[in-house]
>>> print(open('upload_7.cif').read())   # mmCIF, C-alpha atoms
data_structure
loop_
_atom_site.label_atom_id
_atom_site.label_comp_id
_atom_site.auth_asym_id
_atom_site.auth_seq_id
_atom_site.Cartn_x
_atom_site.Cartn_y
_atom_site.Cartn_z
CA ALA A 1 -54.75 -10.30 -104.69
CA PHE A 2 -54.85 -7.27 -106.98
CA LYS A 3 -58.09 -6.98 -108.91
CA LYS A 4 -58.35 -5.29 -112.30
CA THR A 5 -61.29 -3.06 -111.44
CA GLY A 6 -60.42 -0.24 -113.84
CA ALA A 7 -59.79 2.15 -110.93
CA PHE A 8 -56.96 4.66 -111.37
CA THR A 9 -53.78 4.21 -109.35
CA PRO A 10 -51.47 7.23 -108.97
CA ASN A 11 -47.89 6.65 -110.10
CA MET A 12 -45.91 6.92 -106.88
CA GLY A 13 -42.76 5.46 -108.42
CA GLN A 14 -44.03 1.89 -108.85
CA ILE A 15 -44.28 2.07 -112.67
CA LEU A 16 -40.90 1.09 -114.12
CA ASP A 17 -39.38 0.76 -117.58
CA GLU A 18 -37.56 -2.29 -118.98
CA ASN A 19 -34.44 -1.22 -117.06
CA TYR A 20 -36.40 -1.00 -113.79
CA GLN A 21 -36.18 2.79 -113.75
CA PRO A 22 -39.19 4.94 -112.70
CA VAL A 23 -41.33 6.21 -115.58
CA THR A 24 -42.05 9.76 -114.43
CA SER A 25 -44.06 10.66 -117.55
CA VAL A 26 -46.91 8.38 -116.39
CA LEU A 27 -49.26 10.09 -113.94
CA ALA A 28 -51.75 7.28 -113.23
CA LYS A 29 -52.75 3.83 -114.49
CA SER A 30 -56.01 1.94 -114.93
CA SER A 31 -56.07 -1.82 -115.63
CA LEU A 32 -58.78 -3.97 -117.18
CA PRO A 33 -58.48 -7.52 -118.55
CA GLY A 34 -56.65 -7.08 -121.85
CA LEU A 35 -56.29 -3.29 -121.59
CA ASP A 36 -54.12 -0.88 -119.60
CA ILE A 37 -54.79 2.87 -119.63
CA TYR A 38 -52.01 5.30 -118.75
CA LEU A 39 -52.64 8.98 -118.06
CA THR A 40 -49.41 10.70 -119.10
CA GLU A 41 -47.81 14.12 -119.33
CA THR A 42 -48.95 14.34 -122.97
CA GLY A 43 -52.42 12.74 -122.81
CA VAL A 44 -53.44 9.09 -122.54
CA SER A 45 -52.02 5.78 -123.79
CA TYR A 46 -54.16 2.68 -124.36
CA VAL A 47 -52.17 -0.58 -124.26
CA PHE A 48 -53.93 -3.72 -125.49
CA LEU A 49 -52.42 -6.95 -124.10
CA ASN A 50 -52.57 -10.45 -125.57
CA TYR A 51 -51.07 -13.38 -123.64
CA GLU A 52 -49.92 -16.32 -125.78
CA LEU A 53 -49.51 -19.49 -123.73
CA ASP A 54 -47.60 -22.58 -124.77
CA SER A 55 -49.15 -26.05 -124.51
CA ALA A 56 -47.88 -26.62 -120.96
CA ALA A 57 -49.35 -23.37 -119.66
CA SER A 58 -52.69 -23.93 -121.38
CA GLN A 59 -53.03 -27.35 -119.71
CA HIS A 60 -51.68 -26.30 -116.31
CA PRO A 61 -52.54 -22.75 -115.19
CA VAL A 62 -49.75 -22.72 -112.59
CA TYR A 63 -47.28 -22.28 -115.45
CA ILE A 64 -48.73 -18.83 -116.16
CA THR A 65 -46.49 -17.49 -113.40
CA ASN A 66 -43.40 -18.68 -115.32
CA ASN A 67 -42.24 -16.32 -118.09
CA ASN A 68 -40.81 -19.27 -120.02
CA HIS A 69 -44.33 -20.47 -120.76
CA PHE A 70 -46.01 -17.39 -122.20
CA LYS A 71 -45.41 -14.39 -124.41
CA VAL A 72 -47.09 -11.01 -124.13
CA HIS A 73 -48.11 -9.24 -127.34
CA TYR A 74 -49.23 -5.65 -127.06
CA SER A 75 -50.44 -2.75 -129.17
CA SER A 76 -50.19 0.83 -127.94
CA VAL A 77 -52.34 3.81 -128.95
CA ASP A 78 -51.12 7.23 -127.85
CA VAL A 79 -53.55 10.14 -127.70
CA ASN A 80 -51.78 13.46 -127.31
CA LEU A 81 -53.69 16.52 -126.15
CA SER A 82 -52.03 19.15 -128.32
CA GLY A 83 -51.15 22.28 -126.34
CA ALA A 84 -52.35 20.84 -123.03
CA THR A 85 -50.62 20.82 -119.65
CA LEU A 86 -50.65 17.65 -117.54
CA THR A 87 -48.71 17.25 -114.29
CA GLN A 88 -49.11 15.12 -111.18
CA GLY A 89 -50.06 18.23 -109.20
CA GLN A 90 -53.12 18.82 -111.39
CA LEU A 91 -54.71 15.45 -110.56
CA GLU A 92 -57.61 15.40 -108.11
CA TYR A 93 -58.72 11.94 -106.90
CA LYS A 94 -62.09 10.90 -105.44
CA ASN A 95 -63.97 7.69 -104.50
CA ALA A 96 -61.13 5.50 -103.25
CA GLU A 97 -61.37 1.71 -103.53
CA THR A 98 -61.39 -0.27 -100.30
CA TYR A 99 -58.04 -1.96 -101.05
CA LYS A 100 -54.49 -0.62 -101.16
CA ALA A 101 -51.54 -2.04 -103.11
CA SER A 102 -47.83 -2.34 -102.36
CA TYR A 103 -44.99 -2.86 -104.86
CA TYR A 104 -41.56 -4.35 -104.20
CA TYR A 105 -38.62 -4.31 -106.64
CA GLY A 106 -35.35 -5.46 -105.08
CA ASP A 107 -34.59 -3.03 -102.27
CA THR A 108 -37.20 -0.55 -103.51
CA LYS A 109 -40.68 -0.61 -102.06
CA THR A 110 -43.80 1.51 -102.55
CA GLU A 111 -46.50 0.68 -100.05
CA GLY A 112 -50.11 1.49 -99.30
CA ILE A 113 -51.15 3.05 -102.61
CA SER A 114 -54.88 3.67 -103.01
CA SER A 115 -56.81 3.41 -106.28
CA TYR A 116 -59.69 5.68 -107.21
CA LYS A 117 -62.84 5.49 -109.30
CA ASP A 118 -62.68 9.19 -110.15
CA VAL A 119 -59.77 11.39 -111.22
CA THR A 120 -59.80 14.88 -112.71
CA VAL A 121 -56.92 16.64 -114.44
CA LYS A 122 -57.62 20.23 -113.43
CA ASN A 123 -56.99 22.94 -116.06
CA VAL A 124 -55.67 20.55 -118.69
CA TYR A 125 -56.39 23.54 -120.90
CA PRO A 126 -57.10 26.97 -119.35
CA GLY A 127 -60.57 26.75 -117.83
CA ILE A 128 -61.06 23.12 -118.95
CA ASP A 129 -60.90 19.98 -116.77
CA TRP A 130 -60.39 16.42 -118.06
CA HIS A 131 -62.53 14.09 -115.96
CA TRP A 132 -62.01 10.30 -115.90
CA PHE A 133 -64.26 7.95 -113.96
CA ILE A 134 -65.50 4.36 -113.70
CA ASN A 135 -68.99 4.12 -115.16
CA SER A 136 -71.88 1.87 -114.11
CA LYS A 137 -70.52 -0.95 -116.31
CA GLY A 138 -67.19 -0.88 -114.49
CA GLN A 139 -65.32 0.64 -117.45
CA PRO A 140 -63.27 3.84 -117.60
CA GLU A 141 -64.86 6.82 -119.31
CA TYR A 142 -63.96 10.47 -119.67
CA ASP A 143 -65.45 13.86 -120.40
CA PHE A 144 -64.23 17.43 -120.71
CA VAL A 145 -65.69 20.14 -118.48
CA VAL A 146 -65.41 23.53 -120.16
CA HIS A 147 -66.03 26.14 -117.48
CA ALA A 148 -68.06 29.28 -118.11
CA GLY A 149 -66.27 31.85 -120.24
CA TYR A 150 -63.86 29.39 -121.90
CA SER A 151 -63.93 27.74 -125.33
CA SER A 152 -63.79 24.07 -126.30
CA SER A 153 -62.05 24.97 -129.57
CA VAL A 154 -58.62 24.55 -127.94
CA ILE A 155 -59.18 20.81 -127.33
CA LYS A 156 -57.21 18.80 -129.89
CA MET A 157 -56.70 15.02 -129.60
CA GLN A 158 -54.04 13.54 -131.87
CA TYR A 159 -53.92 9.74 -132.27
CA LYS A 160 -50.75 7.73 -132.91
CA TYR A 161 -50.11 4.05 -133.71
CA ALA A 162 -53.72 3.18 -134.57
CA ASP A 163 -56.05 2.92 -137.54
CA ILE A 164 -58.90 5.45 -137.31
CA THR A 165 -62.18 4.70 -139.09
CA PRO A 166 -64.70 7.57 -138.89
CA GLY A 167 -68.39 6.60 -138.86
CA ALA A 168 -71.49 8.71 -139.22
CA ASP A 169 -71.31 9.85 -135.58
CA ASN A 170 -68.42 7.87 -134.06
CA LEU A 171 -64.77 6.91 -134.47
CA LEU A 172 -63.30 3.38 -134.40
CA ILE A 173 -59.72 3.16 -133.10
CA SER A 174 -58.23 -0.19 -134.14
CA THR A 175 -55.07 -2.19 -133.42
CA ARG A 176 -54.16 -5.83 -134.05
CA ASN A 177 -54.75 -6.68 -130.37
CA GLY A 178 -57.94 -4.75 -129.68
CA SER A 179 -60.08 -1.74 -130.54
CA LEU A 180 -61.95 1.14 -128.94
CA ARG A 181 -64.83 3.22 -130.17
CA GLU A 182 -65.42 6.89 -129.43
CA GLY A 183 -69.22 6.76 -129.47
CA ALA A 184 -71.76 9.36 -130.57
CA LEU A 185 -70.62 12.66 -129.05
CA LYS A 186 -72.80 14.19 -126.35
CA ALA A 187 -72.67 17.67 -124.85
CA PHE A 188 -74.69 19.41 -122.14
CA ALA A 189 -74.92 22.90 -120.64
CA ALA A 190 -77.16 23.62 -117.64
CA LYS A 191 -78.51 20.04 -118.07
CA GLN A 192 -79.69 20.91 -121.58
CA LYS A 193 -78.45 18.98 -124.60
CA VAL A 194 -76.12 20.87 -126.92
CA GLU A 195 -75.52 19.83 -130.53
CA ALA A 196 -72.08 18.24 -130.86
CA SER A 197 -70.10 16.23 -133.41
CA TYR A 198 -66.55 15.14 -134.18
CA ASN A 199 -64.28 16.88 -136.64
CA TYR A 200 -61.61 14.42 -137.84
CA ASN A 201 -58.48 15.63 -139.61
CA GLU A 202 -57.32 12.51 -141.44
CA ALA A 203 -53.91 13.90 -142.40
CA GLU A 204 -53.04 14.70 -138.77
CA LYS A 205 -55.14 11.91 -137.19
CA GLU A 206 -56.53 14.67 -134.99
CA ILE A 207 -59.97 15.06 -133.43
CA THR A 208 -61.62 18.34 -132.51
CA PHE A 209 -65.22 19.03 -131.50
CA ASN A 210 -67.96 20.91 -133.33
CA ILE A 211 -70.16 22.41 -130.63
CA GLY A 212 -73.51 24.11 -131.27
CA SER A 213 -74.70 27.30 -129.64
CA TYR A 214 -75.24 27.48 -125.88
CA ASN A 215 -75.11 30.09 -123.12
CA PRO A 216 -71.37 30.60 -122.40
CA ALA A 217 -72.26 31.70 -118.88
CA ASN A 218 -72.83 27.99 -118.15
CA ASP A 219 -70.33 25.14 -117.88
CA LEU A 220 -70.25 22.84 -120.91
CA ILE A 221 -69.75 19.08 -120.53
CA ILE A 222 -68.44 17.22 -123.60
CA ASP A 223 -68.88 13.45 -123.31
CA PRO A 224 -67.35 11.14 -125.94
CA PRO A 225 -68.60 7.67 -124.83
CA LEU A 226 -65.59 5.36 -124.76
CA VAL A 227 -66.35 1.71 -125.53
CA LEU A 228 -63.94 -1.24 -125.53
CA GLN A 229 -65.02 -3.03 -128.71
CA TRP A 230 -62.87 -6.10 -128.24
CA SER A 231 -59.52 -7.18 -126.88
CA ALA A 232 -57.47 -10.31 -127.21
CA GLN A 233 -57.82 -11.13 -123.51
CA TYR A 234 -60.99 -11.86 -121.56
CA GLY A 235 -61.34 -13.12 -118.04
CA GLY A 236 -60.86 -12.36 -114.38
CA THR A 237 -58.01 -11.86 -111.95
CA PHE A 238 -56.80 -15.48 -111.66
CA ALA A 239 -56.33 -18.46 -114.01
CA ASP A 240 -58.93 -18.89 -116.77
CA GLY A 241 -58.77 -21.41 -119.61
CA LEU A 242 -60.49 -21.59 -122.99
CA ARG A 243 -61.51 -25.02 -124.29
CA GLY A 244 -63.82 -24.16 -127.17
CA VAL A 245 -65.33 -21.25 -129.11
CA ALA A 246 -68.27 -21.02 -131.54
CA SER A 247 -70.40 -18.34 -133.15
CA ASN A 248 -73.84 -18.27 -134.73
CA GLY A 249 -73.13 -15.00 -136.54
CA GLY A 250 -74.60 -12.83 -133.83
CA SER A 251 -73.20 -14.21 -130.57
CA VAL A 252 -69.93 -15.79 -129.48
CA TYR A 253 -69.99 -18.82 -127.13
CA LEU A 254 -66.98 -19.86 -125.05
CA THR A 255 -66.42 -23.00 -122.97
CA GLY A 256 -63.67 -23.61 -120.47
CA TYR A 257 -62.84 -23.11 -116.80
CA THR A 258 -62.13 -20.28 -114.39
CA THR A 259 -60.58 -19.93 -110.94
CA SER A 260 -61.41 -16.19 -110.83
CA VAL A 261 -64.03 -15.15 -108.29
CA ASN A 262 -64.49 -11.92 -110.31
CA PHE A 263 -64.91 -13.53 -113.74
CA PRO A 264 -67.38 -11.29 -115.65
CA VAL A 265 -70.91 -12.69 -115.89
CA TYR A 266 -74.26 -11.47 -117.16
CA ARG A 267 -74.69 -7.70 -116.91
CA SER A 268 -78.34 -6.97 -116.11
CA ASN A 269 -78.27 -3.54 -117.81
CA THR A 270 -76.99 -4.88 -121.15
CA THR A 271 -77.85 -7.67 -123.60
CA ALA A 272 -74.49 -9.41 -123.11
CA TYR A 273 -74.18 -12.78 -121.43
CA PHE A 274 -70.64 -13.64 -120.32
#
>>> encode(input="upload_7.cif", output="structure tokens")
Amino acid sequence: AFKKTGAFTPNMGQILDENYQPVTSVLAKSSLPGLDIYLTETGVSYVFLNYELDSAASQHPVYITNNNHFKVHYSSVDVNLSGATLTQGQLEYKNAETYKASYYYGDTKTEGISSYKDVTVKNVYPGIDWHWFINSKGQPEYDFVVHAGYSSSVIKMQYKYADITPGADNLLISTRNGSLREGALKAFAAKQKVEASYNYNEAEKEITFNIGSYNPANDLIIDPPLVLQWSAQYGGTFADGLRGVASNGGSVYLTGYTTSVNFPVYRSNTTAYF
């Protein structure tokens, strides 16, 4: 069975629209429980998913496979890289997963597609690479690599279809079905920390970066930590059911059942118990 590991799968024609036609503007896709990430010809799209089950499906997980028993609610956030160039030929993949996936739609089939933990969009801007990878927590993350002699000032990220709440050193991107946080900005050159902060244009919903002084003969890495704050779906690959929920103001406790062998549990490098 397909596992939502967050790894990036190249679009080899398997991603279709509502009319079952190939969506050529999507370059690659990453899937997590409750969140899909699409690398596109204009930037990246975050799609939060919320599955609403009827009473039959909630009591009998087998009904989840029947579209008559559930509805899918989603919220999409588009992030356009203004002035950037993104094509399938610019993508460089590394660290393949051990599995491969095949897709069948009528007489059309796409077989043996690998997924990767590391993908780089080379020269998304002249002399700048956009690097996506799966971090130690199993979540997608990205950074920009500004090569020696080039400037980060050309990087412009414009957000659509989301509420943006700027904090002291971070940005909260909210929708009705989930939210993400661009954490405190980090930057490094020659392994030395460089002062960095966000510049948010509220009128345009556009983010640029304020970068301190560094030796331009070195590559600059700009790292906006990407954190999934919450989504309306939580679980593993197979059927999971919620039977109760409670909170003490600081923690949330869930009871129920799972048939997923990859249901998320305690992460030893965090304070979260799942």
>>> atom_distance(input="upload_7.cif", atom1="atom CA of Thr208 of chain A", atom2="atom CA of Phe48 of chain A")
24.4 Å
>>> residues_around(input="upload_7.cif", residues="Asp36 of chain A", least_positions_apart="5", cutoff="7 Å", atoms="all atoms listed in the file", output="list in words")
Ser30, Ser31, Tyr46, Val47 and Phe48 of chain A
>>> resolve_selection(input="upload_7.cif", expression="the PyMOL selection byres ((chain A and resi 179) around 12)", output="number ranges by chain")
A: 34-35, 46-49, 75-77, 161-165, 171-178, 180-182, 226-233
>>> closest_residue(input="upload_7.cif", among="A:Gly6, A:Asn210, A:Tyr74, A:Leu81", to="Glu41 of chain A", atoms="all atoms listed in the file")
A:Leu81
>>> atom_distance(input="upload_7.cif", atom1="atom CA of Lys117 of chain A", atom2="atom CA of Ala96 of chain A")
6.3 Å
>>> atom_distance(input="upload_7.cif", atom1="atom CA of Val145 of chain A", atom2="atom CA of Trp130 of chain A")
6.5 Å
>>> closest_residue(input="upload_7.cif", among="A:Asn80, A:Gln139, A:Gln14, A:Ser25", to="Ala101 of chain A", atoms="all atoms listed in the file")
A:Gln14
>>> build_atoms(input="upload_7.cif", residues="segment 185-206 of chain A", atoms="N, CA, C and O atoms", output="short mmCIF file (atom, residue, chain, number, x, y, z; two decimals), in the coordinates of the input")
data_model
loop_
_atom_site.label_atom_id
_atom_site.label_comp_id
_atom_site.auth_asym_id
_atom_site.auth_seq_id
_atom_site.Cartn_x
_atom_site.Cartn_y
_atom_site.Cartn_z
N LEU A 185 -71.00 11.59 -129.96
CA LEU A 185 -70.62 12.66 -129.05
C LEU A 185 -71.84 13.29 -128.40
O LEU A 185 -72.85 13.56 -129.07
N LYS A 186 -71.74 13.53 -127.10
CA LYS A 186 -72.80 14.19 -126.35
C LYS A 186 -72.24 15.44 -125.70
O LYS A 186 -71.07 15.49 -125.31
N ALA A 187 -73.08 16.45 -125.54
CA ALA A 187 -72.67 17.67 -124.85
C ALA A 187 -73.88 18.25 -124.12
O ALA A 187 -75.03 18.15 -124.60
N PHE A 188 -73.61 18.85 -122.95
CA PHE A 188 -74.69 19.41 -122.14
C PHE A 188 -74.23 20.72 -121.50
O PHE A 188 -73.06 20.87 -121.13
N ALA A 189 -75.14 21.65 -121.37
CA ALA A 189 -74.92 22.90 -120.64
C ALA A 189 -76.17 23.19 -119.84
O ALA A 189 -77.28 23.19 -120.41
N ALA A 190 -76.01 23.41 -118.54
CA ALA A 190 -77.16 23.62 -117.64
C ALA A 190 -78.19 22.50 -117.81
O ALA A 190 -79.40 22.74 -117.85
N LYS A 191 -77.70 21.26 -117.94
CA LYS A 191 -78.51 20.04 -118.07
C LYS A 191 -79.32 19.99 -119.37
O LYS A 191 -80.19 19.14 -119.52
N GLN A 192 -79.02 20.90 -120.28
CA GLN A 192 -79.69 20.91 -121.58
C GLN A 192 -78.75 20.38 -122.65
O GLN A 192 -77.56 20.71 -122.66
N LYS A 193 -79.28 19.56 -123.54
CA LYS A 193 -78.45 18.98 -124.60
C LYS A 193 -77.99 20.06 -125.57
O LYS A 193 -78.74 20.96 -125.95
N VAL A 194 -76.72 19.96 -125.96
CA VAL A 194 -76.12 20.87 -126.92
C VAL A 194 -75.68 20.06 -128.14
O VAL A 194 -75.11 18.97 -127.98
N GLU A 195 -75.94 20.54 -129.32
CA GLU A 195 -75.52 19.83 -130.53
C GLU A 195 -73.99 19.69 -130.55
O GLU A 195 -73.27 20.65 -130.28
N ALA A 196 -73.53 18.48 -130.87
CA ALA A 196 -72.08 18.24 -130.86
C ALA A 196 -71.74 17.13 -131.85
O ALA A 196 -72.51 16.19 -132.05
N SER A 197 -70.58 17.26 -132.49
CA SER A 197 -70.10 16.23 -133.41
C SER A 197 -68.58 16.28 -133.47
O SER A 197 -67.95 17.25 -133.03
N TYR A 198 -67.99 15.21 -134.01
CA TYR A 198 -66.55 15.14 -134.18
C TYR A 198 -66.13 15.84 -135.47
O TYR A 198 -66.85 15.81 -136.47
N ASN A 199 -64.95 16.41 -135.43
CA ASN A 199 -64.28 16.88 -136.64
C ASN A 199 -62.96 16.13 -136.72
O ASN A 199 -62.10 16.28 -135.87
N TYR A 200 -62.80 15.27 -137.74
CA TYR A 200 -61.61 14.42 -137.84
C TYR A 200 -60.73 14.88 -138.98
O TYR A 200 -61.14 14.92 -140.14
N ASN A 201 -59.49 15.25 -138.64
CA ASN A 201 -58.48 15.63 -139.61
C ASN A 201 -57.67 14.39 -139.95
O ASN A 201 -56.82 13.96 -139.16
N GLU A 202 -57.95 13.79 -141.10
CA GLU A 202 -57.32 12.51 -141.44
C GLU A 202 -55.82 12.64 -141.60
O GLU A 202 -55.07 11.73 -141.20
N ALA A 203 -55.34 13.73 -142.17
CA ALA A 203 -53.91 13.90 -142.40
C ALA A 203 -53.13 13.94 -141.08
O ALA A 203 -52.03 13.38 -140.98
N GLU A 204 -53.71 14.58 -140.07
CA GLU A 204 -53.04 14.70 -138.77
C GLU A 204 -53.50 13.66 -137.76
O GLU A 204 -52.96 13.59 -136.65
N LYS A 205 -54.51 12.85 -138.12
CA LYS A 205 -55.14 11.91 -137.19
C LYS A 205 -55.55 12.65 -135.92
O LYS A 205 -55.31 12.21 -134.79
N GLU A 206 -56.20 13.79 -136.11
CA GLU A 206 -56.53 14.67 -134.99
C GLU A 206 -58.04 14.90 -134.91
O GLU A 206 -58.71 15.12 -135.92
#
